[in-house]
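File shown here: input07.txt, holding compact mmCIF, C-alpha atoms.
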```txt
# COMPACT_ATOMS: atom_id res chain seq x y z
CA MET O 1 20.70 -73.49 -13.06
CA VAL O 2 20.33 -70.65 -15.41
CA SER O 3 17.29 -68.52 -15.00
CA THR O 4 16.15 -66.25 -17.71
CA PHE O 5 14.25 -63.14 -17.04
CA LYS O 6 11.84 -62.13 -19.66
CA LEU O 7 10.36 -58.70 -19.71
CA GLN O 8 6.67 -59.02 -20.01
CA THR O 9 4.87 -56.29 -21.89
CA TYR O 10 1.24 -55.57 -21.92
CA PRO O 11 -0.53 -53.90 -24.79
CA MET O 12 -1.74 -50.35 -24.10
CA PRO O 13 -5.52 -50.23 -23.75
CA LYS O 14 -7.13 -48.57 -26.71
CA ASN O 15 -8.50 -45.01 -26.46
CA THR O 16 -6.31 -44.30 -23.44
CA ALA O 17 -3.35 -41.97 -23.64
CA PRO O 18 -0.58 -42.17 -21.04
CA VAL O 19 -1.12 -39.12 -18.86
CA ALA O 20 1.21 -39.03 -15.91
CA TYR O 21 3.67 -41.71 -16.83
CA ASP O 22 6.09 -41.61 -19.70
CA SER O 23 8.16 -44.79 -19.85
CA LYS O 24 10.73 -43.16 -22.11
CA ILE O 25 11.68 -40.49 -19.58
CA GLU O 26 10.56 -41.77 -16.21
CA GLY O 27 13.25 -43.75 -14.52
CA ASN O 28 16.08 -42.01 -16.29
CA VAL O 29 18.65 -40.24 -14.18
CA THR O 30 20.12 -36.78 -14.71
CA PHE O 31 23.34 -35.79 -13.03
CA THR O 32 23.68 -32.18 -12.01
CA LYS O 33 24.96 -29.96 -9.23
CA LEU O 34 22.63 -29.35 -6.33
CA ASP O 35 23.06 -25.60 -6.72
CA ALA O 36 22.20 -25.81 -10.39
CA ALA O 37 19.03 -27.76 -9.66
CA ILE O 38 17.94 -25.39 -6.88
CA ASN O 39 18.73 -22.35 -8.98
CA TRP O 40 16.88 -23.82 -11.95
CA MET O 41 13.77 -24.26 -9.84
CA ARG O 42 14.03 -20.86 -8.17
CA SER O 43 14.73 -18.88 -11.29
CA ASN O 44 11.84 -20.37 -13.23
CA SER O 45 9.29 -19.83 -10.52
CA LEU O 46 9.75 -16.23 -9.38
CA TRP O 47 6.76 -14.94 -7.46
CA PRO O 48 6.82 -11.14 -7.70
CA MET O 49 5.64 -8.77 -5.01
CA PRO O 50 4.23 -5.88 -7.07
CA MET O 51 5.29 -2.74 -5.21
CA GLY O 52 3.57 -0.37 -7.64
CA LEU O 53 4.04 3.16 -6.32
CA ALA O 54 3.64 5.35 -9.40
CA CYS O 55 3.31 5.22 -13.17
CA CYS O 56 5.80 2.31 -13.40
CA GLY O 57 3.07 0.30 -11.70
CA ILE O 58 0.94 0.70 -14.81
CA GLU O 59 3.71 -0.76 -16.96
CA LEU O 60 4.05 -3.54 -14.42
CA MET O 61 0.36 -4.30 -14.87
CA ALA O 62 0.78 -4.25 -18.64
CA THR O 63 3.62 -6.76 -18.27
CA GLY O 64 1.29 -9.03 -16.37
CA ALA O 65 -1.50 -8.71 -18.93
CA SER O 66 -2.03 -10.84 -22.02
CA ARG O 67 -0.05 -8.89 -24.59
CA PHE O 68 3.33 -9.09 -22.87
CA ASP O 69 2.47 -12.14 -20.80
CA ILE O 70 4.92 -12.42 -17.95
CA SER O 71 3.83 -16.04 -17.44
CA ARG O 72 5.96 -17.10 -20.41
CA PHE O 73 8.85 -16.92 -17.96
CA GLY O 74 7.11 -18.45 -14.96
CA MET O 75 6.75 -15.16 -13.07
CA GLU O 76 3.04 -14.53 -13.34
CA VAL O 77 2.15 -15.41 -9.77
CA MET O 78 1.98 -11.86 -8.42
CA ARG O 79 1.38 -12.06 -4.72
CA PHE O 80 0.13 -9.15 -2.68
CA SER O 81 1.33 -10.86 0.46
CA PRO O 82 5.04 -10.52 1.17
CA ARG O 83 4.99 -13.93 2.88
CA GLN O 84 4.31 -15.61 -0.43
CA SER O 85 6.58 -13.72 -2.78
CA ASP O 86 10.30 -13.77 -3.43
CA VAL O 87 11.09 -10.90 -5.77
CA MET O 88 9.98 -7.38 -4.94
CA ILE O 89 9.50 -5.17 -7.99
CA VAL O 90 9.75 -1.61 -6.68
CA ALA O 91 7.91 0.18 -9.46
CA GLY O 92 7.72 3.89 -8.95
CA THR O 93 8.63 6.90 -6.85
CA VAL O 94 9.53 6.01 -3.27
CA THR O 95 8.66 8.91 -1.00
CA TYR O 96 10.18 9.07 2.44
CA LYS O 97 6.71 8.57 3.88
CA MET O 98 6.43 5.29 1.96
CA ALA O 99 10.07 4.22 2.26
CA LEU O 100 9.90 2.52 5.62
CA ALA O 101 6.68 0.75 4.63
CA VAL O 102 8.54 -0.66 1.62
CA LYS O 103 11.38 -1.71 3.91
CA ARG O 104 8.93 -3.36 6.27
CA ILE O 105 7.29 -5.34 3.47
CA TYR O 106 10.73 -6.40 2.26
CA ASP O 107 11.60 -7.58 5.77
CA GLN O 108 8.42 -9.67 5.85
CA MET O 109 9.39 -11.55 2.71
CA VAL O 110 11.01 -14.92 3.32
CA GLU O 111 14.49 -15.82 2.10
CA PRO O 112 15.61 -16.23 -0.59
CA LYS O 113 14.46 -12.85 -1.90
CA TRP O 114 15.48 -10.39 -4.54
CA VAL O 115 14.72 -6.78 -5.39
CA ILE O 116 14.23 -5.12 -8.75
CA ALA O 117 14.36 -1.32 -8.93
CA MET O 118 12.08 -0.57 -11.85
CA GLY O 119 12.48 2.82 -13.50
CA ALA O 120 14.40 5.99 -12.82
CA CYS O 121 12.65 6.93 -9.58
CA ALA O 122 13.15 3.62 -7.79
CA SER O 123 16.76 3.47 -9.01
CA SER O 124 17.89 7.01 -8.24
CA GLY O 125 15.00 9.28 -7.33
CA GLY O 126 14.62 10.09 -11.01
CA MET O 127 13.42 13.58 -11.78
CA TYR O 128 12.25 14.06 -8.21
CA ARG O 129 15.21 15.88 -6.69
CA SER O 130 12.90 16.71 -3.86
CA TYR O 131 12.71 16.95 -0.09
CA ALA O 132 9.98 14.30 -0.14
CA VAL O 133 11.54 11.56 -2.28
CA LEU O 134 14.05 8.87 -1.36
CA GLN O 135 16.92 9.08 -3.84
CA GLY O 136 16.91 5.43 -4.84
CA ILE O 137 15.52 2.41 -3.05
CA ASP O 138 19.07 1.00 -2.84
CA LYS O 139 19.57 3.29 0.16
CA LEU O 140 17.29 0.94 2.07
CA LEU O 141 17.24 -2.41 0.26
CA PRO O 142 19.86 -4.50 -1.56
CA VAL O 143 18.89 -4.13 -5.22
CA ASP O 144 19.71 -6.93 -7.67
CA VAL O 145 18.59 -5.43 -10.97
CA TYR O 146 18.08 -1.80 -11.98
CA ILE O 147 15.85 -1.11 -14.97
CA SER O 148 16.26 2.23 -16.71
CA GLY O 149 13.38 4.11 -18.24
CA CYS O 150 10.72 6.57 -17.21
CA PRO O 151 8.74 4.40 -17.13
CA PRO O 152 10.42 1.34 -18.67
CA ARG O 153 8.43 -0.51 -21.31
CA PRO O 154 7.14 -3.99 -20.40
CA GLU O 155 9.86 -5.50 -22.59
CA ALA O 156 12.46 -3.78 -20.42
CA LEU O 157 10.91 -5.22 -17.29
CA LEU O 158 10.93 -8.69 -18.84
CA GLU O 159 14.56 -8.18 -19.81
CA GLY O 160 15.31 -7.17 -16.23
CA LEU O 161 13.55 -10.24 -14.89
CA MET O 162 15.53 -12.44 -17.27
CA LYS O 163 18.71 -10.74 -16.08
CA LEU O 164 17.63 -11.62 -12.54
CA GLN O 165 17.05 -15.23 -13.62
CA ASN O 166 20.57 -15.34 -14.99
CA LYS O 167 21.87 -13.87 -11.76
CA ILE O 168 20.02 -16.44 -9.68
CA LYS O 169 21.53 -19.21 -11.82
CA THR O 170 25.03 -18.10 -10.77
CA GLU O 171 24.29 -18.09 -7.03
CA GLN O 172 25.78 -20.59 -4.59
CA SER O 173 22.35 -21.13 -3.19
CA PHE O 174 22.95 -24.25 -1.11
CA VAL O 175 26.10 -22.96 0.58
CA GLU O 176 24.44 -19.60 1.27
CA GLN O 177 21.29 -21.07 2.71
CA LYS O 178 22.79 -23.90 4.77
CA LYS O 179 25.69 -22.06 6.37
CA ALA O 180 24.78 -23.26 9.88
CA LEU O 181 24.40 -26.86 8.79
CA LEU O 182 27.67 -26.87 6.88
CA SER O 183 29.58 -25.44 9.82
CA LYS O 184 28.25 -28.28 11.99
CA ILE O 185 29.40 -30.89 9.49
CA LYS O 186 32.89 -29.42 9.35
CA MET W 1 -25.12 38.09 -10.48
CA ASN W 2 -21.56 38.06 -11.73
CA SER W 3 -18.21 38.33 -9.97
CA THR W 4 -18.19 42.12 -10.09
CA GLU W 5 -21.64 42.39 -8.53
CA ALA W 6 -20.65 39.88 -5.85
CA ALA W 7 -17.56 41.93 -5.08
CA ASP W 8 -19.64 45.12 -4.93
CA THR W 9 -22.13 43.48 -2.58
CA LEU W 10 -19.32 42.34 -0.33
CA GLY W 11 -17.73 45.79 -0.50
CA ALA W 12 -20.96 47.43 0.64
CA ARG W 13 -21.75 44.88 3.33
CA PHE W 14 -18.25 44.55 4.84
CA GLU W 15 -16.82 47.98 4.17
CA ASN W 16 -14.55 47.97 7.21
CA SER W 17 -13.26 44.43 6.77
CA ILE W 18 -12.13 44.66 3.17
CA ILE W 19 -8.62 45.97 2.66
CA SER W 20 -8.50 46.04 -1.13
CA THR W 21 -10.25 44.78 -4.23
CA VAL W 22 -8.11 44.12 -7.29
CA TYR W 23 -9.45 43.59 -10.80
CA PHE W 24 -6.99 41.82 -13.07
CA ARG W 25 -7.69 39.96 -16.31
CA ASN W 26 -11.36 39.45 -15.52
CA GLU W 27 -10.58 38.02 -12.12
CA ILE W 28 -11.28 39.68 -8.81
CA SER W 29 -9.12 39.30 -5.74
CA ILE W 30 -10.44 40.69 -2.50
CA GLU W 31 -8.13 41.10 0.44
CA ILE W 32 -9.97 40.74 3.71
CA LYS W 33 -9.07 41.06 7.38
CA LEU W 34 -8.26 37.81 9.14
CA GLU W 35 -10.66 38.42 12.04
CA GLN W 36 -13.70 38.74 9.77
CA SER W 37 -12.62 36.10 7.25
CA PHE W 38 -15.04 33.44 8.48
CA GLU W 39 -17.90 35.90 8.59
CA ILE W 40 -17.26 37.09 5.05
CA LEU W 41 -16.80 33.60 3.63
CA SER W 42 -19.93 32.49 5.43
CA TYR W 43 -21.83 35.37 3.84
CA CYS W 44 -20.40 34.38 0.44
CA LYS W 45 -21.67 30.88 0.86
CA GLU W 46 -25.05 31.47 2.47
CA LYS W 47 -26.18 34.72 0.88
CA LEU W 48 -24.23 34.93 -2.38
CA ASN W 49 -24.50 31.21 -3.18
CA PHE W 50 -20.81 30.48 -3.58
CA ASP W 51 -21.47 26.81 -3.05
CA TYR W 52 -18.15 25.45 -4.28
CA LEU W 53 -14.78 25.90 -2.60
CA VAL W 54 -12.28 25.34 -5.41
CA ASP W 55 -9.10 25.54 -3.38
CA ILE W 56 -7.38 26.91 -0.33
CA THR W 57 -3.72 27.70 -0.70
CA ALA W 58 -1.20 29.65 1.27
CA VAL W 59 1.63 31.89 0.12
CA ASP W 60 4.84 32.72 1.92
CA ASN W 61 5.77 36.35 1.29
CA LEU W 62 9.07 36.20 3.14
CA GLY W 63 10.16 39.62 4.36
CA ASN W 64 6.67 41.11 4.21
CA ASP W 65 4.35 41.64 7.12
CA PRO W 66 2.11 39.70 7.42
CA ARG W 67 4.37 36.98 6.12
CA TYR W 68 1.75 34.42 5.08
CA GLU W 69 -1.30 34.81 2.96
CA VAL W 70 -4.17 32.33 2.83
CA VAL W 71 -6.03 32.34 -0.46
CA TYR W 72 -9.59 31.06 -0.92
CA GLU W 73 -10.84 30.33 -4.41
CA ILE W 74 -14.62 30.11 -4.41
CA TYR W 75 -17.09 29.50 -7.21
CA SER W 76 -20.84 29.68 -7.57
CA TYR W 77 -22.48 27.08 -9.74
CA GLN W 78 -25.73 28.96 -9.57
CA HIS W 79 -24.27 32.19 -10.94
CA SER W 80 -21.26 30.71 -12.77
CA CYS W 81 -18.83 33.17 -11.27
CA HIS W 82 -15.57 33.02 -9.38
CA LEU W 83 -14.05 35.04 -6.55
CA ARG W 84 -10.67 35.01 -4.88
CA LEU W 85 -10.37 36.07 -1.26
CA LYS W 86 -7.05 36.58 0.47
CA THR W 87 -6.21 37.13 4.07
CA GLY W 88 -2.87 37.85 5.68
CA VAL W 89 -1.53 35.71 8.53
CA SER W 90 1.29 37.08 10.62
CA GLU W 91 4.39 35.05 11.41
CA SER W 92 3.86 35.28 15.16
CA ASP W 93 0.31 33.86 15.06
CA ARG W 94 0.49 31.60 12.01
CA GLU W 95 -3.17 30.83 12.54
CA ALA W 96 -6.03 31.34 10.13
CA ILE W 97 -9.68 30.46 10.72
CA SER W 98 -10.96 27.15 9.43
CA VAL W 99 -13.88 27.05 7.01
CA VAL W 100 -14.50 23.31 7.33
CA ASP W 101 -17.91 24.14 8.81
CA LEU W 102 -18.86 25.93 5.60
CA TRP W 103 -17.30 23.63 3.00
CA PRO W 104 -16.26 20.16 4.26
CA THR W 105 -13.76 19.92 1.40
CA ALA W 106 -11.69 22.55 3.19
CA ASN W 107 -10.52 19.83 5.55
CA TRP W 108 -7.77 18.46 3.30
CA HIS W 109 -6.94 21.82 1.69
CA GLU W 110 -6.23 23.29 5.10
CA ARG W 111 -4.22 20.27 6.13
CA GLU W 112 -2.09 20.68 3.03
CA ALA W 113 -1.54 24.38 3.73
CA TYR W 114 -0.52 23.46 7.26
CA ASP W 115 1.76 20.67 6.03
CA MET W 116 3.58 22.81 3.49
CA LEU W 117 3.75 26.19 5.24
CA GLY W 118 2.97 25.62 8.90
CA VAL W 119 -0.12 27.82 8.99
CA THR W 120 -2.67 26.26 11.32
CA PHE W 121 -6.42 26.71 11.08
CA LYS W 122 -8.44 27.51 14.17
CA GLY W 123 -11.46 25.24 14.49
CA HIS W 124 -10.15 22.54 12.16
CA PRO W 125 -11.34 19.12 13.40
CA ASP W 126 -8.17 17.20 12.46
CA MET W 127 -5.12 19.43 12.10
CA ARG W 128 -2.54 16.84 11.00
CA ARG W 129 -0.02 16.75 8.21
CA ILE W 130 -1.32 15.25 5.01
CA LEU W 131 1.64 14.68 2.67
CA MET W 132 4.73 14.57 4.87
CA TRP W 133 4.88 12.16 7.76
CA GLU W 134 3.76 13.09 11.25
CA GLY W 135 6.87 14.30 13.05
CA TYR W 136 8.66 15.87 10.08
CA PRO W 137 10.23 18.97 11.60
CA TYR W 138 10.12 21.38 8.64
CA TYR W 139 7.62 23.12 6.38
CA PRO W 140 8.97 22.55 2.89
CA LEU W 141 7.21 25.26 0.89
CA ARG W 142 8.48 28.09 3.04
CA LYS W 143 10.81 30.41 1.17
CA ASP W 144 13.65 29.86 3.64
CA PHE W 145 13.53 26.08 3.13
CA PRO W 146 16.26 24.93 0.72
CA LEU W 147 15.24 23.30 -2.55
CA ALA W 148 17.41 20.28 -1.78
CA GLY W 149 15.60 19.64 1.47
CA LYS W 150 17.05 19.04 4.91
CA ALA W 151 18.06 15.98 6.85
CA SER W 152 15.65 14.71 9.43
CA GLU W 153 15.34 11.53 11.43
CA MET W 154 12.47 9.99 13.28
CA PRO W 155 13.32 6.42 14.25
CA ASP W 156 10.86 3.76 13.00
CA VAL W 157 8.72 6.37 11.31
CA ALA W 158 10.68 8.04 8.56
CA PHE W 159 13.80 9.98 7.73
CA SER W 160 14.95 12.35 5.01
CA GLU W 161 18.23 13.48 3.49
CA PRO W 162 19.14 16.46 1.32
CA VAL W 163 19.04 15.50 -2.33
CA PRO W 164 22.04 15.77 -4.66
CA LEU W 165 21.59 18.67 -7.04
CA ASP W 166 24.62 18.23 -9.31
CA GLY W 167 23.93 20.10 -12.50
CA GLY W 168 20.72 21.45 -11.07
CA PRO W 169 18.27 22.66 -9.97
CA PHE W 170 16.42 22.59 -13.23
CA VAL W 171 14.43 25.72 -13.71
CA THR W 172 12.56 27.53 -16.43
CA SER W 173 12.96 31.21 -17.02
CA PRO W 174 9.76 33.04 -17.85
CA CYS W 175 10.49 35.03 -21.00
CA SER W 176 9.26 35.48 -24.55
CA ALA W 177 12.24 33.66 -26.05
CA SER W 178 11.94 30.62 -28.29
CA THR W 179 11.33 27.12 -26.96
CA ASP W 180 14.98 26.07 -26.87
CA LYS W 181 15.76 29.05 -24.66
CA ARG W 182 12.75 28.57 -22.42
CA GLU W 183 13.01 24.85 -21.75
CA PRO W 184 14.39 23.72 -18.39
CA ARG W 185 18.13 24.29 -17.97
CA SER W 186 20.36 23.52 -15.08
CA ARG W 187 21.36 26.56 -13.17
CA GLU W 188 24.20 26.91 -10.70
CA ILE W 189 23.23 26.72 -7.09
CA ILE W 190 23.70 30.01 -5.30
CA SER W 191 24.11 29.23 -1.65
```
Go ahead and render the structure in this file as structure tokens.
Amino acid sequence: MVSTFKLQTYPMPKNTAPVAYDSKIEGNVTFTKLDAAINWMRSNSLWPMPMGLACCGIELMATGASRFDISRFGMEVMRFSPRQSDVMIVAGTVTYKMALAVKRIYDQMVEPKWVIAMGACASSGGMYRSYAVLQGIDKLLPVDVYISGCPPRPEALLEGLMKLQNKIKTEQSFVEQKKALLSKIK
Amino acid sequence: MNSTEAADTLGARFENSIISTVYFRNEISIEIKLEQSFEILSYCKEKLNFDYLVDITAVDNLGNDPRYEVVYEIYSYQHSCHLRLKTGVSESDREAISVVDLWPTANWHEREAYDMLGVTFKGHPDMRRILMWEGYPYYPLRKDFPLAGKASEMPDVAFSEPVPLDGGPFVTSPCSASTDKREPRSREIIS
């Protein structure tokens, strides 16, 4: 006996647009690497921790405002809680008095996390060759991207964040994060 | 009343406590004895209406005796005039007299002077550092403190390291030369 299966279609009700379901895309399958998928999600949803310590903080605010619009790149969710953020933007002069507070906030951030040294002071101490100023936040934290400028323009910060996105896309995120699990499997 | 009259009044009232009165470019600096400094400043505020304490700073005259000098800049809004009072503080005492009771704003000025030069103020309600962290072992604006700073370590609080000064420090030379000569240049470190 030969059975025939006939796809039954129903007409779309009038005045109703399909909202959450798109039959042309839904159900299709995309093949990719796990790392690529994780990195794609991470890099397009960076939640910055705005560590505004000096005038660079003002440029950081400008980057978040409407004209430069950091949300074009999915990074607009500035969180003032380290528990909720994954990229610390160290914007400004890090004095020794503040340095260990910055370190502490970095330690409170959950993995995976990245650091951007924004401007001359955060990168190298800048013009403050002084007894009171830490000569670059990289003496305390692992910095991923350095942005030059005094202070850098918002475009430079966006460029730096895009550089960080590109860096995240090259990471072996799954292997790095699941080291313990992988060693058990082996 | 103007600054000159205020200085004359002080000179007459505290003849034995005033060491010198210097007139320079329409400003008057009166050097007073440390012991009577509170009394004189109190008189300035209560009787001469110097209601505004502009600033308290300290100077390190290394090699001189007394080594330190505490400078009070006071101003009267009522009379629109300014006075500068200085008092010497010896290296062995390193203690001036607090004027927080007269002008509450003196609180932070005196803390800064203490933080930078190590001069304490007798009668200050809260004699802590204000800019450097509590426990920092040096006083950075003293003349014998190197420009590059010194290493210090206080676990879990803070630390410091000397800064690299390659091609520096950058300094200006006061002179009447043109701008390109006067602008900051790196100068070799003489150690």
Exercise. Within 7 Å of stretch 145-152 of chain W, counting all atoms listed in the file, which residues qualify if same-chain residues fewer than 4 places away don't, as a ChimeraX atom specification?
Worked result: /O:129-131 /W:140-141,159-163,165
Exercise. Which neighbours of O:Ser81 fall inside 10 Å, counting only C-alpha atoms, when residues of the same chain fewer than 6 positions from it are skipped, and could you give them as a ChimeraX atom specification?
Worked result: /O:48-50,105,108-109
Exercise. For chain O against chain W, which residues fall within 9 Å using all atoms listed in the file, given as a PyMOL selection string?
Worked result: chain O and resi 96-101+125+129-135
Do a neighbour search on stretch 83-95 of chain W at 6 Å with only C-alpha atoms, toss out local chain neighbours closer than 4 positions, and write the hits as a PDB file with C-alpha atoms, in the frame of the given file.
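Produced file out-v2.pdb, reproduced below:
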```pdb
ATOM      1  CA  ILE W  28     -11.280  39.680  -8.810  1.00  0.00           C
ATOM      2  CA  SER W  29      -9.120  39.300  -5.740  1.00  0.00           C
ATOM      3  CA  ILE W  30     -10.440  40.690  -2.500  1.00  0.00           C
ATOM      4  CA  GLU W  31      -8.130  41.100   0.440  1.00  0.00           C
ATOM      5  CA  ILE W  32      -9.970  40.740   3.710  1.00  0.00           C
ATOM      6  CA  LYS W  33      -9.070  41.060   7.380  1.00  0.00           C
ATOM      7  CA  LEU W  34      -8.260  37.810   9.140  1.00  0.00           C
ATOM      8  CA  PRO W  66       2.110  39.700   7.420  1.00  0.00           C
ATOM      9  CA  ARG W  67       4.370  36.980   6.120  1.00  0.00           C
ATOM     10  CA  TYR W  68       1.750  34.420   5.080  1.00  0.00           C
ATOM     11  CA  GLU W  69      -1.300  34.810   2.960  1.00  0.00           C
ATOM     12  CA  VAL W  70      -4.170  32.330   2.830  1.00  0.00           C
ATOM     13  CA  VAL W  71      -6.030  32.340  -0.460  1.00  0.00           C
ATOM     14  CA  TYR W  72      -9.590  31.060  -0.920  1.00  0.00           C
ATOM     15  CA  GLU W  73     -10.840  30.330  -4.410  1.00  0.00           C
ATOM     16  CA  ILE W  74     -14.620  30.110  -4.410  1.00  0.00           C
ATOM     17  CA  VAL W 119      -0.120  27.820   8.990  1.00  0.00           C
ATOM     18  CA  THR W 120      -2.670  26.260  11.320  1.00  0.00           C
ATOM     19  CA  PHE W 121      -6.420  26.710  11.080  1.00  0.00           C
TER      20      PHE W 121
END
```
Is there a way to get, as an mmCIF file with C-alpha atoms, in the coordinates of the input, all residues within 12 Å of the point (12.3, -7.9, -24.0) in file coordinates, counting all atoms listed in the file?
```cif
data_model
loop_
_atom_site.group_PDB
_atom_site.id
_atom_site.type_symbol
_atom_site.label_atom_id
_atom_site.label_comp_id
_atom_site.auth_asym_id
_atom_site.auth_seq_id
_atom_site.Cartn_x
_atom_site.Cartn_y
_atom_site.Cartn_z
ATOM 1 C CA THR O 63 3.620 -6.760 -18.270
ATOM 2 C CA PHE O 68 3.330 -9.090 -22.870
ATOM 3 C CA ASP O 69 2.470 -12.140 -20.800
ATOM 4 C CA ILE O 70 4.920 -12.420 -17.950
ATOM 5 C CA ARG O 72 5.960 -17.100 -20.410
ATOM 6 C CA PHE O 73 8.850 -16.920 -17.960
ATOM 7 C CA ILE O 147 15.850 -1.110 -14.970
ATOM 8 C CA PRO O 152 10.420 1.340 -18.670
ATOM 9 C CA ARG O 153 8.430 -0.510 -21.310
ATOM 10 C CA PRO O 154 7.140 -3.990 -20.400
ATOM 11 C CA GLU O 155 9.860 -5.500 -22.590
ATOM 12 C CA ALA O 156 12.460 -3.780 -20.420
ATOM 13 C CA LEU O 157 10.910 -5.220 -17.290
ATOM 14 C CA LEU O 158 10.930 -8.690 -18.840
ATOM 15 C CA GLU O 159 14.560 -8.180 -19.810
ATOM 16 C CA GLY O 160 15.310 -7.170 -16.230
ATOM 17 C CA LEU O 161 13.550 -10.240 -14.890
ATOM 18 C CA MET O 162 15.530 -12.440 -17.270
ATOM 19 C CA LYS O 163 18.710 -10.740 -16.080
#
```
For this session: Go through O:Gly119, O:Pro112, O:Gly126, O:Pro82 and flag the residue nearest O:Ile58, using only C-alpha atoms for the distances.
Result: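 Of O:Gly119, O:Pro112, O:Gly126, O:Pro82, the one nearest O:Ile58, counting only C-alpha atoms, is O:Gly119.
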Exercise. In Å, how far is it from atom CA of O:Thr32 to atom CA of O:Val175?
Worked result: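 Separation of atom CA of O:Thr32 and atom CA of O:Val175: 15.8 Å.
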